[in-house]
Structures are given as structure tokens and as C-alpha cells.
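**Student:** Here you go, this is start-v3.cif (mmCIF, C-alpha atoms).
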```cif
data_run
loop_
_atom_site.label_atom_id
_atom_site.label_comp_id
_atom_site.auth_asym_id
_atom_site.auth_seq_id
_atom_site.Cartn_x
_atom_site.Cartn_y
_atom_site.Cartn_z
CA MET A 1 86.42 16.17 -10.92
CA GLN A 2 85.46 17.45 -14.34
CA ASP A 3 82.10 19.20 -14.28
CA PHE A 4 79.06 17.71 -15.97
CA HIS A 5 75.47 18.56 -16.65
CA PHE A 6 73.25 16.99 -13.96
CA THR A 7 69.65 15.94 -14.54
CA ARG A 8 67.16 14.02 -12.43
CA PRO A 9 64.33 12.85 -14.69
CA ASP A 10 61.14 11.60 -13.06
CA ASP A 11 60.30 8.80 -15.46
CA LEU A 12 62.07 6.14 -17.48
CA ALA A 13 61.22 7.63 -20.85
CA ALA A 14 62.77 10.98 -19.90
CA ALA A 15 65.87 9.23 -18.57
CA GLY A 16 66.25 7.29 -21.81
CA GLN A 17 65.79 10.45 -23.87
CA ALA A 18 68.37 12.33 -21.81
CA HIS A 19 70.84 9.50 -22.41
CA GLN A 20 70.13 9.39 -26.11
CA ALA A 21 70.45 13.16 -26.45
CA SER A 22 73.87 13.14 -24.79
CA ASP A 23 77.14 12.44 -26.57
CA ASP A 24 78.42 10.86 -23.40
CA GLY A 25 75.80 10.25 -20.73
CA ALA A 26 76.13 8.21 -17.54
CA TYR A 27 73.28 6.97 -15.39
CA MET A 28 73.74 7.33 -11.66
CA ALA A 29 71.90 5.18 -9.12
CA GLY A 30 73.48 5.15 -5.65
CA GLY A 31 76.70 6.71 -6.94
CA GLN A 32 78.88 4.69 -4.57
CA THR A 33 81.06 3.53 -7.45
CA LEU A 34 80.36 6.21 -10.05
CA ILE A 35 81.26 9.19 -7.84
CA PRO A 36 84.70 7.73 -6.91
CA VAL A 37 85.21 6.90 -10.61
CA LEU A 38 84.38 10.51 -11.58
CA LYS A 39 86.77 11.84 -8.93
CA GLN A 40 89.59 9.77 -10.37
CA GLY A 41 88.81 10.93 -13.88
CA LEU A 42 88.29 7.33 -15.01
CA ALA A 43 85.01 8.51 -16.53
CA MET A 44 84.32 12.07 -17.68
CA PRO A 45 80.71 12.09 -18.88
CA GLU A 46 79.09 15.22 -20.24
CA ASP A 47 75.81 14.34 -18.60
CA VAL A 48 75.03 12.55 -15.35
CA ILE A 49 71.47 11.27 -15.29
CA ASP A 50 70.31 10.58 -11.75
CA LEU A 51 67.78 7.72 -11.65
CA ASN A 52 66.63 8.41 -8.08
CA GLY A 53 63.82 10.70 -9.19
CA ILE A 54 62.00 7.78 -10.85
CA ALA A 55 59.62 6.62 -8.13
CA ASP A 56 58.67 3.20 -9.57
CA LEU A 57 62.30 2.07 -9.69
CA SER A 58 62.44 1.67 -5.92
CA GLY A 59 60.70 -0.83 -3.68
CA ILE A 60 60.34 -4.50 -2.78
CA GLU A 61 57.43 -6.75 -3.68
CA ALA A 62 56.77 -10.30 -2.56
CA ASP A 63 54.52 -12.86 -4.22
CA GLY A 64 54.07 -16.58 -3.61
CA HIS A 65 57.19 -17.45 -5.60
CA GLY A 66 59.74 -14.96 -4.46
CA ILE A 67 60.79 -11.35 -4.37
CA THR A 68 61.09 -8.52 -6.88
CA ILE A 69 63.44 -5.69 -5.97
CA GLY A 70 63.37 -2.32 -7.73
CA ALA A 71 66.67 -1.21 -9.26
CA THR A 72 67.22 1.84 -7.04
CA THR A 73 66.36 0.02 -3.81
CA ARG A 74 69.17 0.62 -1.32
CA HIS A 75 71.14 -2.25 0.19
CA ALA A 76 69.97 -1.19 3.66
CA SER A 77 66.32 -1.50 2.58
CA VAL A 78 66.89 -5.02 1.24
CA ALA A 79 68.72 -6.01 4.44
CA ALA A 80 65.90 -4.69 6.63
CA SER A 81 62.99 -5.93 4.47
CA GLU A 82 60.74 -8.37 6.28
CA ALA A 83 59.57 -9.77 2.95
CA VAL A 84 63.16 -10.53 1.88
CA CYS A 85 64.08 -11.90 5.32
CA GLN A 86 61.14 -14.28 5.06
CA ALA A 87 61.45 -15.42 1.44
CA ILE A 88 65.24 -15.36 0.92
CA PRO A 89 67.01 -14.65 4.22
CA ALA A 90 70.40 -15.27 2.58
CA LEU A 91 69.77 -12.31 0.27
CA ALA A 92 68.93 -9.97 3.16
CA ASP A 93 72.04 -11.22 4.95
CA LEU A 94 74.20 -10.51 1.88
CA ALA A 95 72.77 -7.00 1.49
CA GLY A 96 73.45 -6.28 5.17
CA ARG A 97 77.13 -7.06 4.73
CA ILE A 98 77.87 -5.00 1.62
CA GLY A 99 80.42 -2.25 2.29
CA ASP A 100 79.52 -0.39 5.46
CA PRO A 101 76.34 1.22 6.85
CA GLN A 102 76.78 4.48 4.94
CA VAL A 103 77.42 2.70 1.64
CA ARG A 104 74.36 0.51 2.26
CA ASN A 105 72.23 3.64 2.70
CA ARG A 106 73.13 4.86 -0.80
CA GLY A 107 74.19 1.87 -2.90
CA THR A 108 71.54 0.12 -5.02
CA ILE A 109 71.06 -3.36 -6.44
CA GLY A 110 70.63 -2.06 -9.99
CA GLY A 111 73.77 0.04 -9.78
CA SER A 112 75.78 -2.85 -8.39
CA LEU A 113 74.63 -5.20 -11.15
CA ALA A 114 75.09 -2.69 -13.99
CA ASN A 115 78.62 -2.01 -12.75
CA ASN A 116 79.44 -5.75 -12.39
CA ASP A 117 82.50 -5.21 -10.24
CA PRO A 118 84.27 -8.59 -10.00
CA SER A 119 84.36 -8.22 -6.19
CA ALA A 120 80.77 -7.07 -5.66
CA ASP A 121 78.41 -9.22 -3.60
CA TYR A 122 75.10 -9.05 -5.49
CA PRO A 123 76.30 -10.80 -8.67
CA ALA A 124 76.85 -13.99 -6.63
CA ALA A 125 73.25 -13.95 -5.40
CA VAL A 126 71.82 -13.15 -8.81
CA LEU A 127 73.73 -15.98 -10.49
CA ALA A 128 73.21 -18.58 -7.72
CA LEU A 129 69.50 -17.81 -7.39
CA ASN A 130 69.10 -17.77 -11.19
CA ALA A 131 67.42 -14.35 -10.94
CA THR A 132 65.97 -12.39 -13.83
CA VAL A 133 67.23 -8.88 -14.54
CA VAL A 134 64.38 -6.79 -15.92
CA THR A 135 65.20 -3.67 -17.96
CA ASP A 136 63.22 -0.96 -19.70
CA ARG A 137 63.48 -3.13 -22.84
CA ARG A 138 63.51 -6.84 -21.93
CA GLU A 139 64.18 -9.56 -19.39
CA ILE A 140 67.69 -11.01 -19.09
CA ALA A 141 68.46 -14.33 -17.41
CA ALA A 142 71.28 -14.16 -14.86
CA GLU A 143 73.38 -16.54 -16.93
CA ALA A 144 73.31 -14.17 -19.92
CA PHE A 145 73.63 -10.94 -17.95
CA PHE A 146 77.22 -11.01 -16.70
CA ASP A 147 79.79 -10.67 -19.43
CA GLY A 148 83.25 -10.27 -17.90
CA LEU A 149 84.92 -7.61 -15.77
CA PHE A 150 82.73 -4.52 -15.36
CA THR A 151 80.82 -5.68 -18.43
CA THR A 152 77.22 -6.81 -18.83
CA ASN A 153 74.79 -7.67 -21.55
CA LEU A 154 73.09 -4.26 -21.14
CA ASN A 155 72.94 -2.21 -24.33
CA GLU A 156 73.83 1.45 -24.63
CA GLY A 157 71.27 3.47 -22.68
CA GLU A 158 69.40 0.44 -21.34
CA ILE A 159 68.21 0.77 -17.73
CA ILE A 160 67.72 -2.02 -15.19
CA THR A 161 64.28 -1.55 -13.65
CA ARG A 162 64.05 -4.49 -11.25
CA VAL A 163 65.44 -7.88 -10.35
CA ARG A 164 63.23 -10.92 -9.82
CA PHE A 165 64.34 -13.69 -7.47
CA ALA A 166 62.58 -17.03 -6.98
CA ALA A 167 62.81 -18.25 -3.39
CA PRO A 168 65.14 -21.26 -3.01
CA ASP A 169 64.57 -24.15 -0.59
CA ARG A 170 67.66 -23.04 1.26
CA ALA A 171 70.59 -20.76 0.61
CA ALA A 172 73.47 -18.97 2.28
CA TYR A 173 76.24 -16.52 1.40
CA GLU A 174 79.66 -16.47 2.98
CA LYS A 175 82.42 -14.05 2.18
CA PHE A 176 85.95 -13.28 3.20
CA PRO A 177 85.87 -9.48 3.09
CA ASN A 178 88.83 -7.29 2.30
CA PRO A 179 89.28 -5.73 5.74
CA ALA A 180 89.57 -2.17 4.37
CA SER A 181 87.01 -1.98 1.58
CA ARG A 182 84.68 -4.83 2.69
CA TYR A 183 84.54 -5.96 -0.92
CA ALA A 184 84.60 -9.75 -1.24
CA LEU A 185 88.12 -11.14 -1.51
CA VAL A 186 86.09 -14.28 -2.12
CA GLY A 187 82.34 -14.67 -1.70
CA VAL A 188 80.32 -17.84 -2.32
CA PHE A 189 76.54 -18.02 -2.62
CA VAL A 190 75.03 -21.51 -2.42
CA ALA A 191 71.36 -22.11 -3.28
CA GLN A 192 69.36 -25.32 -3.34
CA THR A 193 66.08 -25.53 -5.27
CA ALA A 194 63.93 -28.32 -6.70
CA ASP A 195 66.09 -28.05 -9.84
CA GLY A 196 69.36 -28.72 -8.03
CA VAL A 197 72.16 -26.79 -6.39
CA ARG A 198 73.87 -23.67 -7.72
CA VAL A 199 77.15 -22.31 -6.39
CA ALA A 200 78.25 -18.84 -7.52
CA VAL A 201 81.63 -17.36 -6.72
CA THR A 202 82.45 -13.64 -6.66
CA GLY A 203 85.67 -11.77 -5.89
CA ALA A 204 87.88 -14.42 -7.44
CA GLY A 205 87.34 -14.92 -11.16
CA GLN A 206 89.38 -13.11 -13.80
CA ASP A 207 86.13 -12.72 -15.74
CA GLY A 208 84.00 -11.85 -12.72
CA VAL A 209 81.32 -13.97 -11.10
CA PHE A 210 81.16 -17.66 -12.13
CA ARG A 211 79.54 -20.97 -11.16
CA ALA A 212 81.52 -23.80 -9.60
CA ALA A 213 80.15 -26.78 -11.54
CA GLU A 214 82.05 -29.52 -9.73
CA MET A 215 80.79 -28.25 -6.39
CA GLU A 216 77.23 -28.10 -7.68
CA THR A 217 77.35 -31.75 -8.76
CA ALA A 218 78.78 -32.89 -5.43
CA LEU A 219 76.20 -30.90 -3.46
CA ALA A 220 73.29 -32.19 -5.58
CA ASP A 221 74.38 -35.64 -4.44
CA SER A 222 74.79 -34.72 -0.79
CA PHE A 223 74.05 -31.24 0.53
CA SER A 224 76.71 -31.15 3.21
CA ALA A 225 80.01 -29.36 3.76
CA GLY A 226 81.75 -32.75 3.72
CA ALA A 227 80.64 -33.28 0.12
CA LEU A 228 83.12 -30.56 -0.85
CA ASP A 229 86.12 -32.30 0.69
CA GLY A 230 88.90 -32.43 -1.88
CA ILE A 231 87.08 -30.22 -4.39
CA ALA A 232 88.84 -26.99 -5.37
CA VAL A 233 88.32 -24.57 -8.23
CA PRO A 234 91.56 -24.51 -10.29
CA ALA A 235 93.60 -21.36 -9.66
CA ASP A 236 94.37 -20.85 -13.39
CA ASP A 237 91.46 -18.51 -14.09
CA LEU A 238 91.46 -16.73 -10.73
CA MET A 239 92.69 -13.21 -9.98
CA THR A 240 96.02 -12.36 -8.46
CA ASP A 241 96.29 -8.82 -7.10
CA MET A 242 97.85 -6.91 -4.22
CA HIS A 243 95.30 -8.43 -1.83
CA ALA A 244 95.62 -12.14 -2.60
CA ALA A 245 97.21 -14.63 -4.98
CA ALA A 246 95.14 -16.92 -7.19
CA ASP A 247 95.99 -20.07 -5.22
CA TYR A 248 94.96 -18.40 -1.97
CA ARG A 249 91.66 -17.40 -3.55
CA ALA A 250 91.19 -20.99 -4.77
CA HIS A 251 91.67 -22.19 -1.19
CA LEU A 252 89.24 -19.59 0.14
CA ILE A 253 86.54 -20.61 -2.35
CA THR A 254 86.34 -24.10 -0.88
CA VAL A 255 86.42 -22.74 2.67
CA MET A 256 83.67 -20.19 1.99
CA ALA A 257 81.59 -22.74 0.05
CA LYS A 258 81.76 -25.20 2.96
CA ARG A 259 80.74 -22.51 5.43
CA ALA A 260 77.85 -21.45 3.21
CA VAL A 261 76.62 -25.03 2.82
CA ALA A 262 76.87 -25.66 6.56
CA ARG A 263 74.93 -22.48 7.23
CA ALA A 264 72.25 -23.19 4.61
CA ALA A 265 71.84 -26.76 5.91
CA ALA A 266 71.44 -25.48 9.46
CA THR A 267 68.77 -22.91 8.57
CA ALA A 268 66.42 -25.29 6.77
CA MET B 1 74.01 24.48 -13.15
CA PRO B 2 71.47 22.86 -10.81
CA ASP B 3 69.47 25.03 -8.42
CA ILE B 4 68.90 23.14 -5.22
CA THR B 5 66.64 23.72 -2.23
CA LEU B 6 67.17 21.63 0.84
CA ASN B 7 66.81 21.75 4.57
CA VAL B 8 70.08 21.83 6.51
CA ASN B 9 69.94 21.63 10.29
CA ARG B 10 66.28 22.72 10.19
CA GLN B 11 66.94 25.75 7.98
CA ALA B 12 65.82 26.04 4.36
CA VAL B 13 68.70 26.69 1.97
CA SER B 14 68.49 27.54 -1.76
CA LYS B 15 71.68 27.72 -3.83
CA THR B 16 73.03 27.14 -7.29
CA VAL B 17 75.73 24.47 -7.42
CA GLU B 18 77.85 22.82 -10.09
CA GLY B 19 76.86 19.32 -11.14
CA ARG B 20 80.12 18.04 -9.70
CA THR B 21 79.79 19.78 -6.31
CA LEU B 22 79.97 17.17 -3.55
CA LEU B 23 77.59 17.41 -0.62
CA VAL B 24 80.58 17.73 1.73
CA GLU B 25 81.94 20.67 -0.29
CA PHE B 26 78.54 22.32 -0.25
CA ILE B 27 78.23 21.91 3.52
CA ARG B 28 81.74 23.12 4.32
CA GLU B 29 82.46 25.71 1.66
CA THR B 30 79.07 27.11 0.67
CA LEU B 31 77.38 26.90 4.07
CA GLY B 32 80.51 27.28 6.22
CA LEU B 33 79.56 24.32 8.42
CA THR B 34 83.08 23.02 8.99
CA GLY B 35 82.22 20.47 11.68
CA THR B 36 81.83 17.92 8.89
CA HIS B 37 85.34 16.84 7.91
CA MET B 38 86.72 15.70 4.59
CA GLY B 39 89.22 12.95 5.34
CA CYS B 40 90.06 10.48 2.62
CA ASP B 41 87.67 11.68 -0.12
CA THR B 42 87.48 8.03 -1.25
CA SER B 43 84.39 6.81 0.72
CA GLN B 44 86.54 4.89 3.19
CA CYS B 45 87.07 6.93 6.34
CA GLY B 46 83.66 8.28 7.34
CA ALA B 47 84.87 11.64 8.71
CA CYS B 48 82.30 13.28 6.41
CA VAL B 49 79.23 11.39 7.66
CA VAL B 50 76.03 13.43 7.80
CA HIS B 51 72.40 12.38 7.96
CA LEU B 52 70.53 12.56 4.66
CA ASP B 53 66.79 12.14 5.25
CA GLY B 54 67.63 10.55 8.59
CA LYS B 55 70.19 8.06 7.28
CA PRO B 56 73.96 8.32 7.72
CA VAL B 57 75.81 8.77 4.42
CA LYS B 58 79.33 9.71 3.37
CA SER B 59 78.87 13.25 2.12
CA CYS B 60 82.02 12.96 -0.03
CA THR B 61 80.15 10.35 -2.08
CA VAL B 62 76.86 12.17 -2.62
CA LEU B 63 76.42 15.05 -5.08
CA ALA B 64 74.97 18.23 -3.63
CA ALA B 65 72.47 18.13 -6.52
CA GLN B 66 71.28 14.73 -5.30
CA ALA B 67 70.34 16.30 -1.96
CA ASP B 68 67.85 18.63 -3.65
CA GLY B 69 64.63 18.41 -1.64
CA ALA B 70 66.25 16.44 1.16
CA GLU B 71 66.79 17.05 4.84
CA VAL B 72 70.43 17.15 5.92
CA LYS B 73 71.72 17.10 9.48
CA THR B 74 75.33 17.78 10.39
CA ILE B 75 77.24 17.55 13.67
CA GLU B 76 76.33 21.21 14.35
CA SER B 77 72.67 20.18 14.74
CA LEU B 78 73.21 18.01 17.80
CA ALA B 79 73.50 20.68 20.48
CA PRO B 80 73.49 24.47 20.79
CA GLU B 81 76.89 26.16 20.45
CA GLY B 82 79.04 25.43 23.49
CA GLU B 83 76.93 22.49 24.66
CA MET B 84 77.09 18.75 24.04
CA ASN B 85 74.38 16.18 23.53
CA PRO B 86 74.61 12.88 25.53
CA MET B 87 76.54 11.07 22.78
CA GLN B 88 79.09 13.88 22.47
CA ARG B 89 79.44 13.95 26.27
CA ALA B 90 80.04 10.17 26.30
CA PHE B 91 82.88 10.60 23.76
CA HIS B 92 84.32 13.30 26.01
CA GLU B 93 83.98 11.26 29.19
CA HIS B 94 85.41 8.04 27.70
CA HIS B 95 88.21 9.86 25.89
CA GLY B 96 86.78 8.41 22.67
CA LEU B 97 89.11 10.55 20.57
CA GLN B 98 92.68 11.69 20.36
CA CYS B 99 93.25 14.04 17.44
CA GLY B 100 89.48 14.40 16.99
CA PHE B 101 89.45 14.49 13.21
CA CYS B 102 87.20 11.42 12.84
CA THR B 103 84.94 12.38 15.75
CA PRO B 104 82.15 14.26 13.92
CA GLY B 105 81.63 11.28 11.62
CA MET B 106 81.86 8.82 14.50
CA VAL B 107 79.26 10.74 16.50
CA MET B 108 76.87 11.12 13.54
CA THR B 109 77.16 7.39 12.78
CA ALA B 110 76.62 6.59 16.47
CA MET B 111 73.53 8.81 16.59
CA ALA B 112 72.00 6.97 13.62
CA LEU B 113 72.93 3.63 15.11
CA VAL B 114 71.17 4.28 18.43
CA ALA B 115 68.17 5.83 16.68
CA GLU B 116 67.69 2.49 14.94
CA ASN B 117 68.81 0.28 17.83
CA PRO B 118 68.63 2.06 21.20
CA ASP B 119 70.28 -0.77 23.14
CA PRO B 120 73.05 -2.17 20.91
CA THR B 121 75.49 -4.90 21.91
CA GLU B 122 79.22 -4.29 21.64
CA ALA B 123 79.30 -6.48 18.51
CA GLN B 124 76.51 -4.41 16.94
CA VAL B 125 78.38 -1.19 17.72
CA ARG B 126 81.56 -2.53 16.13
CA HIS B 127 79.62 -3.68 13.02
CA GLY B 128 77.89 -0.29 12.90
CA LEU B 129 81.22 1.58 13.00
CA GLU B 130 82.78 -0.37 10.12
CA GLY B 131 82.48 2.65 7.84
CA ASN B 132 84.33 4.98 10.20
CA ILE B 133 88.09 4.85 10.51
CA CYS B 134 90.08 6.24 13.43
CA ARG B 135 93.86 6.17 13.15
CA CYS B 136 94.55 7.19 16.78
CA THR B 137 92.53 5.32 19.34
CA GLY B 138 92.29 1.64 18.45
CA TYR B 139 88.50 2.01 18.84
CA GLN B 140 88.22 0.68 22.43
CA ASN B 141 87.18 4.02 23.90
CA ILE B 142 84.99 4.89 20.92
CA VAL B 143 83.01 1.67 21.36
CA ALA B 144 82.76 2.30 25.12
CA ALA B 145 81.55 5.84 24.39
CA VAL B 146 78.86 4.70 21.96
CA LEU B 147 77.59 2.06 24.40
CA ASP B 148 77.48 4.61 27.22
CA GLY B 149 76.04 7.33 24.98
CA ALA B 150 73.29 4.90 23.94
CA LYS B 151 72.54 4.25 27.60
CA ALA B 152 72.42 7.96 28.38
CA MET B 153 70.09 8.57 25.44
CA ARG B 154 67.75 5.80 26.60
CA GLY B 155 67.48 7.85 29.79
#
```
How would this structure read if it were set down as C-alpha cells?

**Tutor:**
Amino acid sequence: MQDFHFTRPDDLAAAGQAHQASDDGAYMAGGQTLIPVLKQGLAMPEDVIDLNGIADLSGIEADGHGITIGATTRHASVAASEAVCQAIPALADLAGRIGDPQVRNRGTIGGSLANNDPSADYPAAVLALNATVVTDRREIAAEAFFDGLFTTNLNEGEIITRVRFAAPDRAAYEKFPNPASRYALVGVFVAQTADGVRVAVTGAGQDGVFRAAEMETALADSFSAGALDGIAVPADDLMTDMHAAADYRAHLITVMAKRAVARAAATA
Amino acid sequence: MPDITLNVNRQAVSKTVEGRTLLVEFIRETLGLTGTHMGCDTSQCGACVVHLDGKPVKSCTVLAAQADGAEVKTIESLAPEGEMNPMQRAFHEHHGLQCGFCTPGMVMTAMALVAENPDPTEAQVRHGLEGNICRCTGYQNIVAAVLDGAKAMRG
């Protein structure tokens, strides 16, 4: 790994300044993706700016409408949070199945979203729950946040500070994990609210997380696994890689969506 | 280069490290605590698991500089030299290892698991060990060891 200058600022302004002062600065949250990337030489920043020294970036708050999760909150904290389990149990369940226990003790929601790995779990929840990504500069609606593989709407130097989720009436996440990495080969998050049903798919799309519109329409009509009979996302825009072909992923999307709907229907 | 001060196995340590120094490198090479193993170096295998502020982490995927101010516990902290704690004894009694390379990480993960859940089910043990890979045993004896070690630690 190429060496870099390491800093751990204790507030957002100092972090932003450190980034601006660097020719090539990288923020680090949990480091569970960035450290492997640095080892492989896929990124060789001059400065690594650790965000874990900024106290207000971590923590979970509940209000009458939902949950707000600080950007450097670990997956394990979200999974174990009573507030999250009560307001959005599907979100706690998702967090508790990311990676493995050690990854969940380091990885963060802000890091996962900023990285926007096409096989990460959190993007499915953020898109299906229509969450708001709050940064040090503005608020970004989930729909506008994700912008293709490993790409987001974040500007240079912009830092995610927290993510705001409204509680749905019912929701569930089901994934078919890659047995080695535990990344989602396909993951489907289904959420029903007063405004309708949203179905977000991760692990499968060539451009990352996406919504399955035809499934949403069918489920708005009848929120049951049977409503998805005969509905499949076309394989054309799905990924083919060493783990699975596009048509297999297309098949898995319907299977995972049905399981998620059945589970959400059973919990309400 | 960052100066770091941390507590390792109940002893204060102050050193200067490179930004890129991994926690596992710091533990093994700077401190000479070679019970923590570096297996895959890609966050998969879990041979390098240590406790960072009480939580199990893969020390190949944490920078030493990030552990500044933290409390680190390695496999060496579990029992005095030449002795075994109940979890280590359970691994020994159940033959929960063959080559032994993964064992320090397995034991440290198991210790964290029972600290959080003193009476785990077999399914909970298997879920808890998902981040630790053993290429010898097929896991049966490891799972039996963790269940029995948990029982012994409950007393």
C-alpha cells in the first residue's frame, strides 16, 4: 500500500478544509471498502481523512415519523438499535445481515452510501424507503442520490452527515448473498406506505440500485406475493459476472421480491 | 507520521506509525504479538480478529492510526502464558482445529459472541462465525467448541 498522510479532524469544518487543502484527499469512514481499495492500489490518495473523530456524525435518533442515522454509525449499532427495531425493523434486519460481524462493527451507513457499490445492501433500503441523505451542504432525495456504479450525486469534498428515514407501514428486505463475500447477489427491499409501494433492487443492475416499477404497480393493487406471479425484471440491463448471469439474477429478483412481500405482509 | 497511544492487552503503548500501517502489522511486527495471524489480507478470513474497544474487528482492515486512543485485546490477553481460558480449552477438547492457523481469530470471535450472548443457539454460533474461515475442519468441531466454551464460561 502506498503511504499517505493520515488525519483525524474533530469537526466537519476541519475535515472539509483538510480535503480542500489536499491535491488528492479521501475521506474514510469505516474503511471496510477503502482499506482493501488502498491495498490493491486502486486508489492512491495523498491524504486520508478519518471521519471517526467527528462526534456528531454518529448516533441514532427517533422521532414520531421515523429514524435519523448519523453517517458514521456502524452497521452493528443499527442492527442492535431498539429505536430502529421498533420504527423500521426491516432496516435493522438488513443492517444485521451486511457482511459479517467484524465488518458490521466497522462499516458505516454513510460510507456504504458514498461508495454506492452495486452489490451493497443499504442503497436498497434508502431507495425503497425514499430516505433523505443529508450532507454538510444540503439534503438529497434518495432518487437523486444514486448515479450509477460507485457514483453518487455527492460533489467533490461533500460529506454525508446523516440519513433520514420515514417509517413505512410495513417493509422487508430479502437477499441472496454471495456465499463468500455476503454481498447481495440480488437483494430486494419492499416498502409499503400511505403513498404506495416501492420495490428497490440491489446487486443486479448494471447501473446499481434501481426500482422495479411493474412490481410496485402490481403490489399497490394487491400486497401479496401472488401479485408478482409472472412479473420479471428484463435481464437486458442486469449484470453478468463470474457469480451469476443476468437471466439468473432476473429470476432471483422475482424470488427475493416475493419472499420480501410475504415477510412484510406477515409482520404487519 | 501519526503518533499513536493505545492500550494493548492492558498495557499502554505509544509509537509512531506510518499512515498506511495496518493494525495487524502494528500488533505483529511492532509489538511482536504474533498470536494474531494475517491470513488473506482481504477482510475475508478472520484469522486477524482482535477486539477493538470490546468489539471484534478484522485487524487487516483497520489502520493502526485509527486505533489511537482505543483499547485493543489480542489472543495473548485471554490467559497467562502456558494456560488456556475456558473457550481455548473447549477448542482443545473438541478438536476444534487442525492446522490451527484460523484458531486465534475463531477464539476471539467466539469470545465476543458469548460476551454479547452467553447462551447462543447453534444457528446463532454459525451466523456469528460467518466472518471466520477455516479450510481444514468443516466447522462441526468449531461450532461444538464454541457452544461448550459458552457453557463453561457461564459456569

**Student:** Applying the PyMOL selection byres ((chain A) within 6 of (chain B)) to the file I just gave you, which residues come out? Please list them as JSON, numbers by chain.

**Tutor:** {"A": [3, 4, 5, 6, 35, 100, 102]}

**Student:** Please, which residues are within 9 Å of (70.7, 4.6, 20.1) by the file's coordinates, counting all atoms listed in the file, and could they come as a list in words?

**Tutor:** Ala110, Met111, Ala112, Leu113, Val114, Ala115, Glu116, Asn117, Pro118, Asp119, Pro120, Val146, Leu147, Gly149, Ala150, Lys151, Met153 and Arg154 of chain B

**Student:** List the residues matched by the PyMOL selection byres ((chain A and resi 233) around 6) in the displayed structure as a short mmCIF file (atom, residue, chain, number, x, y, z; two decimals) with C-alpha atoms, keeping the file's coordinate frame, ordered by chain and then by residue number.

**Tutor:**
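Once everything was written out, this is expr15.cif:
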```cif
data_model
loop_
_atom_site.label_atom_id
_atom_site.label_comp_id
_atom_site.auth_asym_id
_atom_site.auth_seq_id
_atom_site.Cartn_x
_atom_site.Cartn_y
_atom_site.Cartn_z
CA ALA A 232 88.84 -26.99 -5.37
CA PRO A 234 91.56 -24.51 -10.29
CA ALA A 250 91.19 -20.99 -4.77
#
```

**Student:** Identify all residues satisfying the PyMOL selection byres ((chain A and resi 70) around 12) in the given file; provide them as a PyMOL selection string.

**Tutor:** chain A and resi 29+51-52+54-62+67-69+71-75+77-78+108-111+133-135+159-165

**Student:** So that I can check the surroundings of region 177-185 of chain A, please list as a VMD selection string every protein, DNA and RNA residue that reaches within 6 Å of it, counting all atoms listed in the file and ignoring chain neighbours fewer than 4 positions away.

**Tutor:** chain A and resid 99 119 203

**Student:** What is the distance between CA of Ala213 (chain A) and CA of Val84 (chain A), in Å to one decimal?

**Tutor:**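 Interatomic distance, CA of Ala213 (chain A) to CA of Val84 (chain A): 27.1 Å.
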
**Student:** Give me, please, the distance in Å between CA of Val261 (chain A) and CA of Ala194 (chain A), quoted to one decimal.

**Tutor:**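 Separating CA of Val261 (chain A) from CA of Ala194 (chain A) is a distance of 16.2 Å.
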
**Student:** Which residue out of B:Thr5, B:Thr103, B:Thr36, B:Gln11 has the minimum interatomic distance to Gly69 (chain B) when all atoms listed in the file are used?

**Tutor:**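 Looking only at the distances to Gly69 (chain B), the closest residue turns out to be B:Thr5.
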